[in-house]
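Visitor: The structure file query_28.pdb (PDB, C-alpha atoms) is provided below.
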MODEL        1
ATOM      1  CA  MET W 269      26.463  76.310  41.593
ATOM      2  CA  THR W 270      24.011  73.487  42.265
ATOM      3  CA  MET W 271      24.156  70.550  39.865
ATOM      4  CA  HIS W 272      21.482  67.848  39.763
ATOM      5  CA  HIS W 273      21.646  64.338  38.290
ATOM      6  CA  ALA W 274      18.863  62.076  37.042
ATOM      7  CA  ARG W 275      19.629  58.535  35.885
ATOM      8  CA  LEU W 276      17.620  56.714  33.239
ATOM      9  CA  SER W 277      18.092  53.430  35.135
ATOM     10  CA  GLN W 278      16.325  54.957  38.164
ATOM     11  CA  ALA W 279      13.362  56.496  36.291
ATOM     12  CA  ALA W 280      10.135  54.508  36.422
ATOM     13  CA  GLU W 281       8.837  53.204  33.101
ATOM     14  CA  GLN W 282       5.347  54.511  32.288
ATOM     15  CA  PRO W 283       3.180  53.107  29.460
ATOM     16  CA  TRP W 284       1.796  55.478  26.852
ATOM     17  CA  ARG W 285      -1.957  56.043  26.824
ATOM     18  CA  ASN W 286      -2.149  54.637  23.263
ATOM     19  CA  GLY W 287      -0.052  51.541  24.107
ATOM     20  CA  GLY W 288       2.566  52.337  21.448
ATOM     21  CA  GLY W 289       5.495  52.718  23.806
ATOM     22  CA  THR W 290       6.816  53.674  27.207
ATOM     23  CA  THR W 291       8.358  56.772  28.729
ATOM     24  CA  ARG W 292      10.881  57.313  31.507
ATOM     25  CA  VAL W 293      10.608  60.868  32.857
ATOM     26  CA  LEU W 294      14.019  62.075  33.972
ATOM     27  CA  LEU W 295      12.832  65.493  35.075
ATOM     28  CA  ALA W 296       9.598  67.444  35.457
ATOM     29  CA  TRP W 297      10.784  70.901  36.510
ATOM     30  CA  PRO W 298      10.068  72.540  38.861
ATOM     31  CA  GLY W 299       7.672  69.781  40.003
ATOM     32  CA  ASP W 300       5.706  66.823  38.655
ATOM     33  CA  ASP W 301       2.260  68.336  39.102
ATOM     34  CA  ARG W 302       2.842  71.679  37.354
ATOM     35  CA  TRP W 303       5.952  71.217  35.247
ATOM     36  CA  ARG W 304       7.247  73.982  33.013
ATOM     37  CA  LEU W 305       9.897  71.772  31.407
ATOM     38  CA  ARG W 306      10.032  67.998  31.061
ATOM     39  CA  VAL W 307      12.868  65.723  29.891
ATOM     40  CA  SER W 308      12.185  62.067  29.130
ATOM     41  CA  VAL W 309      13.487  59.081  27.212
ATOM     42  CA  ALA W 310      10.838  57.087  25.363
ATOM     43  CA  THR W 311      10.810  53.695  23.716
ATOM     44  CA  ILE W 312       8.542  53.649  20.675
ATOM     45  CA  ALA W 313       7.514  50.054  20.042
ATOM     46  CA  ALA W 314       4.633  50.451  17.557
ATOM     47  CA  ASP W 315       3.377  52.831  14.895
ATOM     48  CA  GLY W 316       0.828  55.381  16.072
ATOM     49  CA  PRO W 317       0.236  59.012  17.003
ATOM     50  CA  PHE W 318       2.056  60.962  19.702
ATOM     51  CA  SER W 319      -0.079  62.277  22.545
ATOM     52  CA  PRO W 320      -1.173  65.909  22.090
ATOM     53  CA  PHE W 321       0.319  68.522  24.454
ATOM     54  CA  PRO W 322      -1.429  71.857  23.749
ATOM     55  CA  GLY W 323       0.615  74.926  24.683
ATOM     56  CA  VAL W 324       3.866  72.952  24.683
ATOM     57  CA  GLU W 325       6.982  73.250  22.517
ATOM     58  CA  ARG W 326       8.522  69.810  21.855
ATOM     59  CA  TRP W 327      11.984  68.668  20.799
ATOM     60  CA  PHE W 328      12.697  65.080  19.706
ATOM     61  CA  ALA W 329      15.882  63.149  18.836
ATOM     62  CA  VAL W 330      16.415  59.468  18.032
ATOM     63  CA  ILE W 331      19.006  57.872  20.309
ATOM     64  CA  GLU W 332      18.853  54.234  19.128
ATOM     65  CA  GLY W 333      17.101  52.191  16.451
ATOM     66  CA  ALA W 334      16.689  52.690  12.712
ATOM     67  CA  GLY W 335      14.568  55.818  13.078
ATOM     68  CA  VAL W 336      11.044  57.159  12.635
ATOM     69  CA  ARG W 337       8.876  59.042  10.175
ATOM     70  CA  LEU W 338       6.800  61.794  11.762
ATOM     71  CA  ALA W 339       3.697  63.081   9.959
ATOM     72  CA  LEU W 340       3.865  66.763  10.895
ATOM     73  CA  PRO W 341       1.527  69.522   9.634
ATOM     74  CA  GLU W 342       4.315  70.841   7.371
ATOM     75  CA  GLY W 343       5.083  67.387   5.938
ATOM     76  CA  THR W 344       6.863  64.148   6.741
ATOM     77  CA  ALA W 345      10.089  64.296   8.731
ATOM     78  CA  VAL W 346      12.504  61.357   8.844
ATOM     79  CA  LEU W 347      14.648  61.183  11.981
ATOM     80  CA  GLN W 348      17.481  58.726  12.529
ATOM     81  CA  PRO W 349      20.291  58.461  15.092
ATOM     82  CA  GLY W 350      22.779  61.279  14.489
ATOM     83  CA  ASP W 351      20.205  63.613  12.908
ATOM     84  CA  ALA W 352      19.632  67.050  14.399
ATOM     85  CA  PRO W 353      16.796  67.152  16.947
ATOM     86  CA  ARG W 354      13.416  68.165  15.569
ATOM     87  CA  ARG W 355      11.219  70.889  17.073
ATOM     88  CA  PHE W 356       7.427  70.804  16.683
ATOM     89  CA  ASP W 357       4.279  72.075  18.378
ATOM     90  CA  GLY W 358       2.932  69.783  21.090
ATOM     91  CA  GLU W 359      -0.626  70.086  19.860
ATOM     92  CA  ALA W 360       0.453  68.644  16.479
ATOM     93  CA  ALA W 361       0.443  65.078  17.922
ATOM     94  CA  PRO W 362       2.174  63.710  14.795
ATOM     95  CA  GLY W 363       1.651  60.215  13.542
ATOM     96  CA  CYS W 364       4.804  58.137  13.982
ATOM     97  CA  THR W 365       5.915  55.245  11.772
ATOM     98  CA  LEU W 366       8.888  53.111  12.783
ATOM     99  CA  MET W 367      11.433  52.561  10.012
ATOM    100  CA  ASP W 368      12.688  49.148  11.209
ATOM    101  CA  GLY W 369      11.702  48.199  14.742
ATOM    102  CA  ALA W 370      11.615  49.977  18.089
ATOM    103  CA  THR W 371      13.524  53.185  18.803
ATOM    104  CA  GLN W 372      14.756  54.953  21.904
ATOM    105  CA  ASP W 373      14.229  58.711  21.788
ATOM    106  CA  LEU W 374      15.075  61.834  23.797
ATOM    107  CA  ASN W 375      12.220  64.280  24.402
ATOM    108  CA  LEU W 376      12.289  67.840  25.704
ATOM    109  CA  MET W 377       8.972  69.591  26.326
ATOM    110  CA  ALA W 378       8.491  73.156  27.586
ATOM    111  CA  ARG W 379       5.315  75.089  28.171
ATOM    112  CA  ARG W 380       5.309  78.124  25.879
ATOM    113  CA  ASP W 381       4.660  80.510  28.771
ATOM    114  CA  ALA W 382       7.812  79.188  30.516
ATOM    115  CA  GLY W 383      10.182  80.419  27.796
ATOM    116  CA  HIS W 384      11.835  79.120  24.650
ATOM    117  CA  ALA W 385      13.382  75.632  24.842
ATOM    118  CA  GLY W 386      16.247  74.284  22.789
ATOM    119  CA  MET W 387      17.988  70.984  22.094
ATOM    120  CA  ALA W 388      21.166  70.405  20.090
ATOM    121  CA  ALA W 389      23.640  67.580  19.651
ATOM    122  CA  ALA W 390      26.666  68.059  21.901
ATOM    123  CA  ALA W 391      29.932  67.231  20.146
ATOM    124  CA  VAL W 392      33.215  66.911  22.008
ATOM    125  CA  GLY W 393      34.598  70.438  22.459
ATOM    126  CA  SER W 394      31.193  72.111  22.076
ATOM    127  CA  GLU W 395      30.024  74.565  24.715
ATOM    128  CA  LEU W 396      26.746  75.591  26.322
ATOM    129  CA  GLY W 397      26.866  79.192  27.470
ATOM    130  CA  THR W 398      25.203  80.983  30.357
ATOM    131  CA  GLY W 399      22.108  83.084  30.996
ATOM    132  CA  PHE W 400      19.468  80.338  30.861
ATOM    133  CA  ALA W 401      16.588  79.780  33.272
ATOM    134  CA  TRP W 402      17.467  76.070  33.076
ATOM    135  CA  ARG W 403      20.178  74.103  31.262
ATOM    136  CA  GLY W 404      21.186  70.489  31.021
ATOM    137  CA  LEU W 405      23.175  67.809  29.251
ATOM    138  CA  TYR W 406      21.793  64.348  28.506
ATOM    139  CA  ALA W 407      24.541  61.748  27.985
ATOM    140  CA  ALA W 408      23.358  58.501  26.388
ATOM    141  CA  ASP W 409      26.957  57.224  26.686
ATOM    142  CA  ALA W 410      29.507  57.919  29.435
ATOM    143  CA  ALA W 411      30.710  61.518  29.152
ATOM    144  CA  THR W 412      32.851  64.145  30.849
ATOM    145  CA  LEU W 413      31.661  67.721  31.294
ATOM    146  CA  GLU W 414      33.951  70.612  32.188
ATOM    147  CA  ILE W 415      32.299  73.477  34.050
ATOM    148  CA  GLY W 416      33.956  76.883  34.106
ATOM    149  CA  GLY W 417      36.716  76.359  31.531
ATOM    150  CA  PRO W 418      40.208  74.876  31.942
ATOM    151  CA  GLY W 419      40.933  74.229  35.587
ATOM    152  CA  GLY W 420      37.221  74.254  36.420
ATOM    153  CA  LEU W 421      35.051  71.504  37.787
ATOM    154  CA  VAL W 422      35.225  68.205  35.883
ATOM    155  CA  GLU W 423      31.991  66.218  36.082
ATOM    156  CA  PRO W 424      32.052  62.563  34.905
ATOM    157  CA  LEU W 425      28.645  61.272  33.781
ATOM    158  CA  ALA W 426      27.553  57.651  33.565
ATOM    159  CA  ALA W 427      25.667  56.509  30.470
ATOM    160  CA  GLY W 428      21.991  57.475  30.641
ATOM    161  CA  THR W 429      22.473  60.542  32.847
ATOM    162  CA  LEU W 430      20.803  63.948  32.743
ATOM    163  CA  LEU W 431      22.906  66.651  34.445
ATOM    164  CA  TRP W 432      21.050  69.929  34.971
ATOM    165  CA  SER W 433      21.035  73.240  36.797
ATOM    166  CA  ASP W 434      18.543  76.037  37.306
ATOM    167  CA  ALA W 435      21.049  78.218  39.151
ATOM    168  CA  ALA W 436      22.088  81.542  37.658
ATOM    169  CA  ASP W 437      25.839  81.427  37.162
ATOM    170  CA  ASP W 438      28.452  82.519  34.659
ATOM    171  CA  ALA W 439      30.257  79.209  34.161
ATOM    172  CA  ALA W 440      30.177  77.824  30.613
ATOM    173  CA  TRP W 441      29.827  74.063  30.156
ATOM    174  CA  THR W 442      32.095  72.201  27.715
ATOM    175  CA  LEU W 443      31.728  68.563  26.667
ATOM    176  CA  ARG W 444      35.210  67.051  26.971
ATOM    177  CA  GLN W 445      34.397  63.404  26.337
ATOM    178  CA  GLY W 446      31.338  61.532  25.131
ATOM    179  CA  ARG W 447      29.765  60.210  21.975
ATOM    180  CA  ARG W 448      25.968  60.552  22.085
ATOM    181  CA  ALA W 449      24.990  63.638  24.102
ATOM    182  CA  TRP W 450      22.586  66.583  23.775
ATOM    183  CA  TRP W 451      22.523  70.124  25.156
ATOM    184  CA  LEU W 452      19.123  71.131  26.567
ATOM    185  CA  CYS W 453      18.093  74.627  27.636
ATOM    186  CA  LEU W 454      15.242  76.911  28.546
ATOM    187  CA  GLU W 455      15.605  80.633  27.971
ATOM    188  CA  HIS W 456      13.815  83.042  30.299
ATOM    189  CA  ALA W 457      10.264  83.906  29.247
TER
ENDMDL
END
Spell out the structure here as structure tokens.
Guide:
Amino acid sequence: MTMHHARLSQAAEQPWRNGGGTTRVLLAWPGDDRWRLRVSVATIAADGPFSPFPGVERWFAVIEGAGVRLALPEGTAVLQPGDAPRRFDGEAAPGCTLMDGATQDLNLMARRDAGHAGMAAAAVGSELGTGFAWRGLYAADAATLEIGGPGGLVEPLAAGTLLWSDAADDAAWTLRQGRRAWWLCLEHA
């Protein structure tokens, strides 16, 4: 099994086109120019719209800060740290209002023709199964991942690390230690 790491501290900060924040791309898979799946951490510093991404499924979770209000086609969604990640269509380009200052947010984007993406909070003891085209764990805080059950590989993760694999294997992943972490996946198209 091949495991890959991407560190937030090593990802270049890129300004948004609208000037409302910055993004650090942890992964554009399989490559930057024609990605099928993208994982990033953004800092939203000002109210304003998200950039549109037609043909893309997006997932969004607040890591730090008071939270945001997103103006989505189906209504306003309030997201704060600890809330379940929110899925929305990339072409929606929702307006975003900060609740009380800047936020740091986890973003997962997948092209619809690449498959169905998913993001969920990872609690200690929770498991991510097998059979995905791609799977990952983003740990905002230091964490420990067990791969393959008791007696399997133990993978310590520094804070701000994305661990991922696109290898087909039958080893489940279990979060053994960590506070703020999220499971990320892409099912086969």
Visitor: Expand the PyMOL selection byres ((chain W and resi 329) around 12) into the individual residues it matches in the shown file, reporting them as a VMD selection string.
Guide: chain W and resid 307 to 311 326 to 328 330 to 333 335 to 338 345 to 356 371 to 376 386 to 389 406 408 448 to 452
Visitor: Would you output that residue set with C-alpha atoms, as a PDB file, in the coordinates of the input?
Guide:
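What ended up in out04.pdb:
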ATOM      1  CA  VAL W 307      12.868  65.723  29.891  1.00  0.00           C
ATOM      2  CA  SER W 308      12.185  62.067  29.130  1.00  0.00           C
ATOM      3  CA  VAL W 309      13.487  59.081  27.212  1.00  0.00           C
ATOM      4  CA  ALA W 310      10.838  57.087  25.363  1.00  0.00           C
ATOM      5  CA  THR W 311      10.810  53.695  23.716  1.00  0.00           C
ATOM      6  CA  ARG W 326       8.522  69.810  21.855  1.00  0.00           C
ATOM      7  CA  TRP W 327      11.984  68.668  20.799  1.00  0.00           C
ATOM      8  CA  PHE W 328      12.697  65.080  19.706  1.00  0.00           C
ATOM      9  CA  VAL W 330      16.415  59.468  18.032  1.00  0.00           C
ATOM     10  CA  ILE W 331      19.006  57.872  20.309  1.00  0.00           C
ATOM     11  CA  GLU W 332      18.853  54.234  19.128  1.00  0.00           C
ATOM     12  CA  GLY W 333      17.101  52.191  16.451  1.00  0.00           C
ATOM     13  CA  GLY W 335      14.568  55.818  13.078  1.00  0.00           C
ATOM     14  CA  VAL W 336      11.044  57.159  12.635  1.00  0.00           C
ATOM     15  CA  ARG W 337       8.876  59.042  10.175  1.00  0.00           C
ATOM     16  CA  LEU W 338       6.800  61.794  11.762  1.00  0.00           C
ATOM     17  CA  ALA W 345      10.089  64.296   8.731  1.00  0.00           C
ATOM     18  CA  VAL W 346      12.504  61.357   8.844  1.00  0.00           C
ATOM     19  CA  LEU W 347      14.648  61.183  11.981  1.00  0.00           C
ATOM     20  CA  GLN W 348      17.481  58.726  12.529  1.00  0.00           C
ATOM     21  CA  PRO W 349      20.291  58.461  15.092  1.00  0.00           C
ATOM     22  CA  GLY W 350      22.779  61.279  14.489  1.00  0.00           C
ATOM     23  CA  ASP W 351      20.205  63.613  12.908  1.00  0.00           C
ATOM     24  CA  ALA W 352      19.632  67.050  14.399  1.00  0.00           C
ATOM     25  CA  PRO W 353      16.796  67.152  16.947  1.00  0.00           C
ATOM     26  CA  ARG W 354      13.416  68.165  15.569  1.00  0.00           C
ATOM     27  CA  ARG W 355      11.219  70.889  17.073  1.00  0.00           C
ATOM     28  CA  PHE W 356       7.427  70.804  16.683  1.00  0.00           C
ATOM     29  CA  THR W 371      13.524  53.185  18.803  1.00  0.00           C
ATOM     30  CA  GLN W 372      14.756  54.953  21.904  1.00  0.00           C
ATOM     31  CA  ASP W 373      14.229  58.711  21.788  1.00  0.00           C
ATOM     32  CA  LEU W 374      15.075  61.834  23.797  1.00  0.00           C
ATOM     33  CA  ASN W 375      12.220  64.280  24.402  1.00  0.00           C
ATOM     34  CA  LEU W 376      12.289  67.840  25.704  1.00  0.00           C
ATOM     35  CA  GLY W 386      16.247  74.284  22.789  1.00  0.00           C
ATOM     36  CA  MET W 387      17.988  70.984  22.094  1.00  0.00           C
ATOM     37  CA  ALA W 388      21.166  70.405  20.090  1.00  0.00           C
ATOM     38  CA  ALA W 389      23.640  67.580  19.651  1.00  0.00           C
ATOM     39  CA  TYR W 406      21.793  64.348  28.506  1.00  0.00           C
ATOM     40  CA  ALA W 408      23.358  58.501  26.388  1.00  0.00           C
ATOM     41  CA  ARG W 448      25.968  60.552  22.085  1.00  0.00           C
ATOM     42  CA  ALA W 449      24.990  63.638  24.102  1.00  0.00           C
ATOM     43  CA  TRP W 450      22.586  66.583  23.775  1.00  0.00           C
ATOM     44  CA  TRP W 451      22.523  70.124  25.156  1.00  0.00           C
ATOM     45  CA  LEU W 452      19.123  71.131  26.567  1.00  0.00           C
TER      46      LEU W 452
END
Visitor: So what does the PyMOL selection byres ((chain W and resi 360) around 12) actually pick up in this one, as number ranges by chain?
Guide: W: 317-326, 338-343, 355-359, 361-364
Visitor: Using Å and a single decimal, report how far atom CA of Leu276 of chain W sits from atom CA of Arg447 of chain W.
Guide: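 Taking atom CA of Arg447 of chain W as the start and atom CA of Leu276 of chain W as the end point, the length is 16.9 Å.
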Visitor: What gap, in Å, lies between atom CA of His456 of chain W and atom CA of Ala439 of chain W?
Guide: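 Interatomic distance here is 17.3 Å.
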Visitor: Specify as a VMD selection string each residue included when the PyMOL selection byres ((chain W and resi 306) around 10) is applied to this file.
Guide: chain W and resid 293 to 300 303 to 305 307 to 308 326 375 to 379
Visitor: Mind giving me the straight-line distance from atom CA of Glu395 of chain W to atom CA of Ser277 of chain W in Å, one decimal?
Guide: 26.4 Å
Visitor: Ranking W:Gly383, W:Pro424, W:Gly397, W:Pro418 by minimum distance to Gly446 of chain W and counting only C-alpha atoms, which one comes first?
Guide: W:Pro424
Visitor: Which residue out of W:Ala385, W:Met367, W:Leu454, W:Ala279 has the minimum interatomic distance to Thr291 of chain W when only C-alpha atoms are used?
Guide: W:Ala279
Visitor: Which residues come within 7 Å of Asp315 of chain W, counting all atoms listed in the file, excluding same-chain residues fewer than 3 positions away, as a list in words?
Guide: Gly288, Cys364, Thr365 and Leu366 of chain W
Visitor: Can you pull out the residues contacting Thr412 of chain W? Cut-off 6 Å, using all atoms listed in the file, and skip same-chain residues under 6 positions away; I want them as number ranges by chain.
Guide: W: 423-425, 444-445
